[in-house]
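Printed here is coords16.pdb (PDB, C-alpha atoms):
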```pdb
ATOM      1  CA  MET Z   1      15.542  81.747  91.338
ATOM      2  CA  LEU Z   2      15.992  80.867  87.672
ATOM      3  CA  GLU Z   3      13.029  83.052  86.798
ATOM      4  CA  VAL Z   4      14.094  86.051  88.867
ATOM      5  CA  LEU Z   5      17.771  85.966  87.938
ATOM      6  CA  SER Z   6      16.947  85.498  84.257
ATOM      7  CA  ALA Z   7      14.605  88.491  84.391
ATOM      8  CA  PHE Z   8      17.451  90.602  85.789
ATOM      9  CA  ASN Z   9      19.920  89.196  83.207
ATOM     10  CA  CYS Z  10      22.168  87.866  85.957
ATOM     11  CA  GLU Z  11      25.111  85.582  85.313
ATOM     12  CA  ASP Z  12      24.844  81.821  85.790
ATOM     13  CA  GLU Z  13      27.366  82.059  88.618
ATOM     14  CA  THR Z  14      24.820  84.098  90.576
ATOM     15  CA  PHE Z  15      22.263  81.301  90.345
ATOM     16  CA  PHE Z  16      24.671  78.640  91.623
ATOM     17  CA  LEU Z  17      25.898  80.828  94.464
ATOM     18  CA  SER Z  18      22.295  81.674  95.424
ATOM     19  CA  VAL Z  19      21.271  78.021  95.654
ATOM     20  CA  ASN Z  20      24.423  77.014  97.534
ATOM     21  CA  LEU Z  21      23.958  79.910  99.931
ATOM     22  CA  MET Z  22      20.339  79.000 100.664
ATOM     23  CA  ASP Z  23      21.195  75.343 101.275
ATOM     24  CA  LEU Z  24      24.115  76.251 103.523
ATOM     25  CA  PHE Z  25      22.005  78.698 105.511
ATOM     26  CA  LEU Z  26      19.148  76.233 106.043
ATOM     27  CA  TRP Z  27      21.663  73.596 107.109
ATOM     28  CA  LYS Z  28      23.574  75.780 109.583
ATOM     29  CA  THR Z  29      20.867  77.972 111.092
ATOM     30  CA  ASN Z  30      19.383  77.109 114.475
ATOM     31  CA  THR Z  31      16.039  78.636 113.511
ATOM     32  CA  VAL Z  32      13.296  76.388 112.163
ATOM     33  CA  TYR Z  33      11.758  78.021 109.086
ATOM     34  CA  LYS Z  34       8.427  77.257 107.445
ATOM     35  CA  ASN Z  35       7.514  77.222 103.759
ATOM     36  CA  GLU Z  36       6.171  80.767 103.974
ATOM     37  CA  ASN Z  37       9.657  81.964 104.989
ATOM     38  CA  MET Z  38      11.260  80.638 101.792
ATOM     39  CA  HIS Z  39      10.240  83.633  99.693
ATOM     40  CA  LEU Z  40      12.135  86.081 101.889
ATOM     41  CA  ILE Z  41      15.148  83.769 102.273
ATOM     42  CA  GLY Z  42      15.259  83.184  98.510
ATOM     43  CA  MET Z  43      15.157  86.920  97.863
ATOM     44  CA  VAL Z  44      17.963  87.579 100.316
ATOM     45  CA  VAL Z  45      20.343  84.893  99.057
ATOM     46  CA  MET Z  46      19.928  86.186  95.489
ATOM     47  CA  PHE Z  47      20.531  89.718  96.780
ATOM     48  CA  ILE Z  48      23.784  88.623  98.452
ATOM     49  CA  ALA Z  49      24.948  86.492  95.513
ATOM     50  CA  ALA Z  50      24.311  89.302  93.039
ATOM     51  CA  LYS Z  51      26.513  91.633  95.082
ATOM     52  CA  PHE Z  52      29.357  89.134  94.762
ATOM     53  CA  GLN Z  53      28.905  88.206  91.110
ATOM     54  CA  GLU Z  54      27.256  91.040  89.193
ATOM     55  CA  ILE Z  55      28.677  94.306  87.907
ATOM     56  CA  PHE Z  56      25.228  95.815  88.379
ATOM     57  CA  PRO Z  57      23.618  93.839  91.238
ATOM     58  CA  ILE Z  58      19.924  93.765  92.032
ATOM     59  CA  THR Z  59      19.030  96.875  94.012
ATOM     60  CA  LEU Z  60      17.234  96.813  97.335
ATOM     61  CA  LYS Z  61      14.393  98.805  95.815
ATOM     62  CA  ASP Z  62      13.912  96.299  92.978
ATOM     63  CA  LEU Z  63      14.140  93.436  95.436
ATOM     64  CA  GLU Z  64      11.413  94.980  97.580
ATOM     65  CA  HIS Z  65       8.979  95.848  94.789
ATOM     66  CA  LYS Z  66       9.710  93.605  91.778
ATOM     67  CA  VAL Z  67      10.822  90.415  93.528
ATOM     68  CA  GLY Z  68       9.068  90.679  96.887
ATOM     69  CA  HIS Z  69       5.946  92.387  95.493
ATOM     70  CA  ASP Z  70       5.935  94.647  98.579
ATOM     71  CA  GLN Z  71       5.369  91.728 100.940
ATOM     72  CA  PHE Z  72       8.523  92.560 102.899
ATOM     73  CA  SER Z  73       9.915  95.907 103.975
ATOM     74  CA  GLN Z  74      13.482  96.957 103.292
ATOM     75  CA  MET Z  75      14.175  96.607 107.008
ATOM     76  CA  GLU Z  76      12.933  92.986 107.012
ATOM     77  CA  ILE Z  77      15.152  92.230 104.011
ATOM     78  CA  LYS Z  78      18.190  93.789 105.701
ATOM     79  CA  LYS Z  79      17.597  91.881 108.931
ATOM     80  CA  MET Z  80      17.352  88.570 107.092
ATOM     81  CA  GLU Z  81      20.466  89.446 105.070
ATOM     82  CA  ALA Z  82      22.406  90.045 108.291
ATOM     83  CA  LYS Z  83      21.174  86.748 109.728
ATOM     84  CA  VAL Z  84      22.127  84.768 106.623
ATOM     85  CA  LEU Z  85      25.621  86.253 106.552
ATOM     86  CA  ARG Z  86      26.070  85.691 110.290
ATOM     87  CA  ASP Z  87      24.915  82.053 110.193
ATOM     88  CA  VAL Z  88      26.793  80.880 107.103
ATOM     89  CA  ASN Z  89      30.068  82.730 107.776
ATOM     90  CA  ILE Z  90      31.086  84.965 104.923
ATOM     91  CA  GLU Z  91      34.135  82.816 104.131
ATOM     92  CA  ASN Z  92      31.800  80.049 102.928
ATOM     93  CA  LEU Z  93      30.606  82.295 100.106
ATOM     94  CA  VAL Z  94      33.930  81.757  98.366
ATOM     95  CA  SER Z  95      33.350  78.236  97.065
ATOM     96  CA  THR Z  96      33.754  76.491  93.728
ATOM     97  CA  SER Z  97      30.441  75.352  92.270
ATOM     98  CA  VAL Z  98      29.797  72.513  89.825
ATOM     99  CA  TYR Z  99      29.408  75.202  87.158
ATOM    100  CA  ASP Z 100      32.804  76.733  87.987
ATOM    101  CA  PHE Z 101      34.497  73.335  87.638
ATOM    102  CA  CYS Z 102      32.698  72.652  84.370
ATOM    103  CA  LYS Z 103      33.734  76.011  82.907
ATOM    104  CA  THR Z 104      37.356  75.373  83.834
ATOM    105  CA  TYR Z 105      37.336  71.881  82.305
ATOM    106  CA  PHE Z 106      35.891  73.140  79.019
ATOM    107  CA  TYR Z 107      38.249  76.104  78.882
ATOM    108  CA  ASP Z 108      41.212  73.793  79.341
ATOM    109  CA  PHE Z 109      39.926  71.302  76.760
ATOM    110  CA  TYR Z 110      39.297  73.934  74.099
ATOM    111  CA  TYR Z 111      42.650  75.661  74.347
ATOM    112  CA  ASN Z 112      44.556  72.387  74.406
ATOM    113  CA  ASN Z 113      42.669  70.871  71.475
ATOM    114  CA  LYS Z 114      42.184  73.705  69.017
ATOM    115  CA  ASN Z 115      43.912  71.695  66.312
ATOM    116  CA  LEU Z 116      41.504  68.789  66.884
ATOM    117  CA  LEU Z 117      38.429  70.998  66.509
ATOM    118  CA  SER Z 118      39.410  71.464  62.908
ATOM    119  CA  ASN Z 119      36.173  72.517  61.251
ATOM    120  CA  GLU Z 120      32.944  74.359  61.899
ATOM    121  CA  GLU Z 121      30.993  71.169  62.595
ATOM    122  CA  ASP Z 122      33.494  70.039  65.257
ATOM    123  CA  VAL Z 123      33.235  73.409  67.002
ATOM    124  CA  LYS Z 124      29.441  73.283  66.779
ATOM    125  CA  ILE Z 125      29.328  69.864  68.464
ATOM    126  CA  TYR Z 126      31.782  71.066  71.129
ATOM    127  CA  LYS Z 127      29.468  73.990  71.909
ATOM    128  CA  TYR Z 128      26.455  71.663  72.106
ATOM    129  CA  ILE Z 129      28.272  69.443  74.610
ATOM    130  CA  LYS Z 130      29.334  72.467  76.627
ATOM    131  CA  LYS Z 131      25.805  73.899  76.700
ATOM    132  CA  ALA Z 132      24.312  70.508  77.589
ATOM    133  CA  SER Z 133      26.797  70.171  80.470
ATOM    134  CA  PHE Z 134      25.868  73.581  81.879
ATOM    135  CA  TYR Z 135      22.192  72.674  81.506
ATOM    136  CA  LEU Z 136      22.778  69.485  83.498
ATOM    137  CA  ASN Z 137      24.642  71.515  86.135
ATOM    138  CA  LYS Z 138      21.428  73.459  86.723
ATOM    139  CA  LEU Z 139      19.304  70.348  86.560
ATOM    140  CA  VAL Z 140      21.147  68.513  89.355
ATOM    141  CA  MET Z 141      20.636  71.502  91.651
ATOM    142  CA  HIS Z 142      16.961  70.497  91.775
ATOM    143  CA  TYR Z 143      17.642  67.035  93.219
ATOM    144  CA  GLU Z 144      18.600  66.520  96.863
ATOM    145  CA  PHE Z 145      20.540  63.330  96.108
ATOM    146  CA  PHE Z 146      23.308  65.155  94.234
ATOM    147  CA  TYR Z 147      24.174  67.406  97.179
ATOM    148  CA  GLN Z 148      26.198  64.656  98.813
ATOM    149  CA  VAL Z 149      28.548  64.556  95.802
ATOM    150  CA  LYS Z 150      31.584  66.802  95.355
ATOM    151  CA  SER Z 151      31.131  69.591  92.826
ATOM    152  CA  SER Z 152      34.193  68.501  90.847
ATOM    153  CA  VAL Z 153      32.813  64.967  90.461
ATOM    154  CA  LYS Z 154      29.377  66.262  89.485
ATOM    155  CA  ALA Z 155      31.012  68.446  86.845
ATOM    156  CA  ILE Z 156      32.841  65.499  85.270
ATOM    157  CA  ALA Z 157      29.733  63.307  85.443
ATOM    158  CA  SER Z 158      27.730  66.094  83.795
ATOM    159  CA  ILE Z 159      30.239  66.184  80.950
ATOM    160  CA  VAL Z 160      30.074  62.394  80.581
ATOM    161  CA  THR Z 161      26.281  62.618  80.423
ATOM    162  CA  ALA Z 162      26.323  65.511  77.959
ATOM    163  CA  VAL Z 163      28.699  63.625  75.642
ATOM    164  CA  LYS Z 164      26.313  60.672  75.713
ATOM    165  CA  ILE Z 165      23.244  62.826  75.037
ATOM    166  CA  VAL Z 166      24.855  64.597  72.100
ATOM    167  CA  GLY Z 167      26.656  61.469  70.890
ATOM    168  CA  ASP Z 168      23.433  59.456  70.752
ATOM    169  CA  SER Z 169      21.698  62.131  68.700
ATOM    170  CA  PRO Z 170      21.412  62.155  64.908
ATOM    171  CA  ASN Z 171      24.462  63.844  63.382
ATOM    172  CA  GLY Z 172      26.112  63.865  66.801
ATOM    173  CA  ILE Z 173      29.792  63.313  67.597
ATOM    174  CA  SER Z 174      31.902  61.861  64.819
ATOM    175  CA  GLU Z 175      33.776  58.598  65.397
ATOM    176  CA  LYS Z 176      37.061  60.497  65.267
ATOM    177  CA  ASN Z 177      35.989  62.942  67.960
ATOM    178  CA  LYS Z 178      34.389  60.287  70.184
ATOM    179  CA  SER Z 179      37.841  58.963  71.024
ATOM    180  CA  ILE Z 180      39.047  62.505  71.736
ATOM    181  CA  TYR Z 181      36.217  63.161  74.175
ATOM    182  CA  ASN Z 182      36.611  59.729  75.774
ATOM    183  CA  ASP Z 183      40.326  60.360  76.350
ATOM    184  CA  TRP Z 184      39.509  63.773  77.833
ATOM    185  CA  MET Z 185      36.948  62.348  80.251
ATOM    186  CA  LEU Z 186      39.349  59.627  81.371
ATOM    187  CA  PHE Z 187      42.003  62.293  81.882
ATOM    188  CA  LEU Z 188      39.653  64.349  84.089
ATOM    189  CA  ILE Z 189      38.761  61.296  86.177
ATOM    190  CA  GLU Z 190      42.366  60.171  86.622
ATOM    191  CA  GLN Z 191      43.728  63.654  87.322
ATOM    192  CA  GLY Z 192      41.045  64.173  89.942
ATOM    193  CA  GLY Z 193      41.866  60.844  91.574
ATOM    194  CA  PHE Z 194      38.271  59.660  91.195
ATOM    195  CA  ASP Z 195      36.954  56.151  90.701
ATOM    196  CA  LYS Z 196      35.857  55.618  87.085
ATOM    197  CA  GLY Z 197      33.005  53.293  88.077
ATOM    198  CA  ARG Z 198      31.578  55.795  90.553
ATOM    199  CA  VAL Z 199      31.713  58.610  88.013
ATOM    200  CA  GLU Z 200      29.957  56.449  85.429
ATOM    201  CA  LEU Z 201      27.290  55.500  87.971
ATOM    202  CA  LEU Z 202      26.761  59.146  88.843
ATOM    203  CA  ALA Z 203      26.489  59.981  85.129
ATOM    204  CA  LYS Z 204      23.733  57.353  84.812
ATOM    205  CA  LYS Z 205      21.862  58.975  87.690
ATOM    206  CA  ILE Z 206      22.190  62.385  86.035
ATOM    207  CA  LEU Z 207      20.921  60.925  82.775
ATOM    208  CA  ALA Z 208      17.976  59.397  84.643
ATOM    209  CA  ALA Z 209      17.238  62.812  86.194
ATOM    210  CA  TYR Z 210      17.436  64.374  82.735
ATOM    211  CA  GLN Z 211      14.956  61.847  81.383
ATOM    212  CA  HIS Z 212      12.678  62.283  84.398
ATOM    213  CA  TYR Z 213      12.606  66.047  84.847
ATOM    214  CA  GLN Z 214      10.369  66.633  81.817
ATOM    215  CA  PHE Z 215       7.583  65.042  83.859
ATOM    216  CA  SER Z 216       8.217  67.419  86.761
ATOM    217  CA  LYS Z 217       6.467  70.650  85.806
ATOM    218  CA  SER Z 218       8.177  72.725  88.482
ATOM    219  CA  ILE Z 219      11.624  71.803  87.138
ATOM    220  CA  SER Z 220      11.066  71.572  83.387
ATOM    221  CA  ARG Z 221       9.060  74.803  83.186
ATOM    222  CA  ASN Z 222      11.892  76.902  84.604
ATOM    223  CA  LEU Z 223      14.754  75.135  82.858
ATOM    224  CA  ASN Z 224      13.093  75.074  79.444
ATOM    225  CA  ARG Z 225      11.774  78.604  79.654
ATOM    226  CA  TYR Z 226      14.780  80.404  81.051
ATOM    227  CA  THR Z 227      17.774  78.259  80.076
ATOM    228  CA  PRO Z 228      16.552  76.177  77.102
ATOM    229  CA  LEU Z 229      18.694  73.427  75.672
ATOM    230  CA  THR Z 230      18.254  74.218  71.986
ATOM    231  CA  PHE Z 231      20.133  71.182  70.681
ATOM    232  CA  THR Z 232      17.573  68.604  69.566
ATOM    233  CA  VAL Z 233      18.343  65.235  71.126
TER     234      VAL Z 233
END
```

Translate the structure described by the file into structure tokens.
Amino acid sequence: MLEVLSAFNCEDETFFLSVNLMDLFLWKTNTVYKNENMHLIGMVVMFIAAKFQEIFPITLKDLEHKVGHDQFSQMEIKKMEAKVLRDVNIENLVSTSVYDFCKTYFYDFYYNNKNLLSNEEDVKIYKYIKKASFYLNKLVMHYEFFYQVKSSVKAIASIVTAVKIVGDSPNGISEKNKSIYNDWMLFLIEQGGFDKGRVELLAKKILAAYQHYQFSKSISRNLNRYTPLTFTV
């Protein structure tokens, strides 16, 4: 999905909706699908997600030829699209992903702390943390364990992990700004009514996944090629 959606210059929101839609469909459907069915299902969920998220969605013709490589007819694609929409219930497409929560948190932080991001270096570090958080959002989508966790909690834990990754790097977060970010993370946890220990534990698991994924070719190849984390850690 990362490869296809990147090739079509789709928004990140389309990726998260595609993955959530596939997982929801496979969970709710009464049909037992095999591995060879995943190509068609993956195509269809991206097709549906792009219609919701993109100004110029992927066309049926492009889906048939460029994504499906003519393995499936337009009629087969339409039939699977109808089945996916019928099984998941269209109302379930309107959901807030981990990426949506993360974007909101960063938007709120930036516009409430403009005076604290007082120089170019502060803004640069803020952007690194933001990009690292979004990168981790995509990373956790590859691990089944994280699906049992609420998206809002995963978003906060991703931010905690990103702050650690950037903070532990050479020329990372200044001592002055470390307290600012720490206060912000505590604020997010308390406002959400979450347990601080559980969030910290989840952040450790995300960090472990981040350290592990480089050894998983199927994950690291797509993430590094299509959504590279350019900040050297």

Which residues come within 8 Å of region 15-31 of chain Z, counting all atoms listed in the file, excluding same-chain residues fewer than 2 positions away, as an mmCIF file with C-alpha atoms, in the coordinates of the input?
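Saved the output as result_29.cif:
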```
data_model
loop_
_atom_site.group_PDB
_atom_site.id
_atom_site.type_symbol
_atom_site.label_atom_id
_atom_site.label_comp_id
_atom_site.auth_asym_id
_atom_site.auth_seq_id
_atom_site.Cartn_x
_atom_site.Cartn_y
_atom_site.Cartn_z
ATOM 1 C CA MET Z 1 15.542 81.747 91.338
ATOM 2 C CA LEU Z 2 15.992 80.867 87.672
ATOM 3 C CA LEU Z 5 17.771 85.966 87.938
ATOM 4 C CA CYS Z 10 22.168 87.866 85.957
ATOM 5 C CA GLU Z 11 25.111 85.582 85.313
ATOM 6 C CA ASP Z 12 24.844 81.821 85.790
ATOM 7 C CA GLU Z 13 27.366 82.059 88.618
ATOM 8 C CA TYR Z 33 11.758 78.021 109.086
ATOM 9 C CA ILE Z 41 15.148 83.769 102.273
ATOM 10 C CA GLY Z 42 15.259 83.184 98.510
ATOM 11 C CA VAL Z 45 20.343 84.893 99.057
ATOM 12 C CA MET Z 46 19.928 86.186 95.489
ATOM 13 C CA ILE Z 48 23.784 88.623 98.452
ATOM 14 C CA ALA Z 49 24.948 86.492 95.513
ATOM 15 C CA VAL Z 84 22.127 84.768 106.623
ATOM 16 C CA ASP Z 87 24.915 82.053 110.193
ATOM 17 C CA VAL Z 88 26.793 80.880 107.103
ATOM 18 C CA LEU Z 93 30.606 82.295 100.106
ATOM 19 C CA SER Z 97 30.441 75.352 92.270
ATOM 20 C CA TYR Z 99 29.408 75.202 87.158
ATOM 21 C CA LYS Z 138 21.428 73.459 86.723
ATOM 22 C CA MET Z 141 20.636 71.502 91.651
#
```

Worksheet entry | For Ser73 (chain Z): contacts at 12 Å, all atoms listed in the file, fewer than 2 positions along chain excluded, given as a count of residues only | 18

Worksheet entry | Selection near Val98 (chain Z), 8 Å with only C-alpha atoms, sequence-local residues under 4 positions removed, as a list of chain:residue names |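 After dropping sequence-adjacent residues, the list is Z:Cys102, Z:Asn137, Z:Ser151, Z:Ser152, Z:Lys154, Z:Ala155.
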
Fill in: Interatomic distance (Å, one decimal) between CA of Val140 (chain Z) and CA of Ile206 (chain Z)
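Distance reported for this atom pair: 7.0 Å.
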
Fill in: Gap from CA of Ile159 (chain Z) to CA of Glu3 (chain Z) - Å, one decimal
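One can read the CA of Ile159 (chain Z) to CA of Glu3 (chain Z) distance as 24.8 Å.
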
Item to complete: For CA of Tyr128 (chain Z) and CA of Val166 (chain Z), quote the distance in Å rounded to one decimal.
Response: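 Taking CA of Tyr128 (chain Z) as the start and CA of Val166 (chain Z) as the end point, the length is 7.2 Å.
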